[in-house]
Amino acid sequence: MRDPRKSRRVPLSMPVLLCTDPSGRQVKGNAVVTDLSPKGLGFETEAQLKSGDLLFLKLFVPVAFACQVRNVKATAETYRCGASIEKIGMLDSVKLRDFVAKEKKKGK
């Protein structure tokens, strides 16, 4: 059987929030986008959904940079680490700055 998709999907693993409103305030659940094309996507979630549900996906800013671990503290099941950003491109720097500013406003 032929795949009806016109664009090939790219595999990835991107956490997102599934929201029922465009502002992202009414969260339905968490999900992980598993593949993406210009016109569609696949994702996995524990939220109960049905065909036809309209969702707004709240993406987390994808930013790449080099960092150096400065301190490590072991907890019961994980490690809490502090790191400094050592190298970041100009566009990623702007994305990170804007993301941090937006998160700060939410916290006020």
# chains A, B, ... in the order shown; residues from 1 in each chain; ligands from 1
>>> select_by_dssp(residues="chain A", states="helix (DSSP H, G or I)", output="PyMOL selection string")
chain A and resi 90-107
>>> write_last_selection(atoms="N, CA, C and O atoms", output="compact mmCIF listing (two decimals), in the first residue's frame")
# COMPACT_ATOMS: atom_id res chain seq x y z
N MET A 90 24.81 33.12 17.38
CA MET A 90 24.05 34.36 17.55
C MET A 90 22.53 34.10 17.53
O MET A 90 21.81 34.60 18.39
N LEU A 91 22.04 33.31 16.59
CA LEU A 91 20.60 33.04 16.51
C LEU A 91 20.13 32.26 17.74
O LEU A 91 19.10 32.59 18.33
N ASP A 92 20.89 31.26 18.14
CA ASP A 92 20.52 30.50 19.34
C ASP A 92 20.57 31.38 20.58
O ASP A 92 19.75 31.23 21.49
N SER A 93 21.49 32.31 20.62
CA SER A 93 21.58 33.24 21.75
C SER A 93 20.32 34.11 21.85
O SER A 93 19.78 34.31 22.93
N VAL A 94 19.84 34.57 20.70
CA VAL A 94 18.61 35.38 20.67
C VAL A 94 17.41 34.54 21.11
O VAL A 94 16.59 34.98 21.91
N LYS A 95 17.31 33.31 20.57
CA LYS A 95 16.22 32.41 20.96
C LYS A 95 16.23 32.15 22.46
O LYS A 95 15.18 32.19 23.12
N LEU A 96 17.41 31.88 22.99
CA LEU A 96 17.53 31.59 24.42
C LEU A 96 17.16 32.82 25.25
O LEU A 96 16.41 32.72 26.22
N ARG A 97 17.64 33.97 24.85
CA ARG A 97 17.33 35.21 25.57
C ARG A 97 15.83 35.47 25.58
O ARG A 97 15.24 35.77 26.62
N ASP A 98 15.19 35.33 24.42
CA ASP A 98 13.75 35.56 24.33
C ASP A 98 12.96 34.55 25.15
O ASP A 98 11.97 34.90 25.81
N PHE A 99 13.39 33.29 25.11
CA PHE A 99 12.72 32.25 25.88
C PHE A 99 12.82 32.54 27.38
O PHE A 99 11.83 32.46 28.10
N VAL A 100 14.00 32.88 27.84
CA VAL A 100 14.20 33.18 29.27
C VAL A 100 13.36 34.38 29.69
O VAL A 100 12.71 34.37 30.74
N ALA A 101 13.34 35.42 28.86
CA ALA A 101 12.54 36.61 29.17
C ALA A 101 11.07 36.27 29.27
O ALA A 101 10.36 36.73 30.18
N LYS A 102 10.57 35.44 28.37
CA LYS A 102 9.17 35.04 28.38
C LYS A 102 8.84 34.22 29.64
O LYS A 102 7.81 34.42 30.26
N GLU A 103 9.74 33.31 30.01
CA GLU A 103 9.53 32.50 31.21
C GLU A 103 9.56 33.36 32.47
O GLU A 103 8.81 33.12 33.41
N LYS A 104 10.41 34.36 32.49
CA LYS A 104 10.48 35.27 33.64
C LYS A 104 9.16 36.03 33.81
O LYS A 104 8.66 36.19 34.91
N LYS A 105 8.58 36.47 32.70
CA LYS A 105 7.30 37.19 32.76
C LYS A 105 6.20 36.30 33.30
O LYS A 105 5.33 36.75 34.03
N LYS A 106 6.21 35.03 32.94
CA LYS A 106 5.21 34.08 33.43
C LYS A 106 5.30 33.93 34.95
O LYS A 106 4.30 33.77 35.61
N GLY A 107 6.53 33.96 35.46
CA GLY A 107 6.75 33.74 36.88
C GLY A 107 6.35 34.92 37.76
O GLY A 107 6.22 34.77 38.97
>>> closest_residue(among="A:Thr20, A:Tyr79, A:Pro15, A:Arg8", to="A:Pro62", atoms="only C-alpha atoms")
A:Pro15
>>> select_by_dssp(residues="chain A", states="strand (DSSP E)", output="count of residues only")
51
>>> residues_around(residues="stretch 23-38 of chain A", least_positions_apart="2", cutoff="7 Å", atoms="only C-alpha atoms", output="number ranges by chain")
A: 7-21, 40-45, 47, 58
>>> residues_around(residues="A:Cys67", least_positions_apart="5", cutoff="12 Å", atoms="only C-alpha atoms", output="PyMOL selection string")
chain A and resi 81-88
>>> atom_distance(atom1="atom CA of A:Gly52", atom2="atom CA of A:Lys39")
16.2 Å
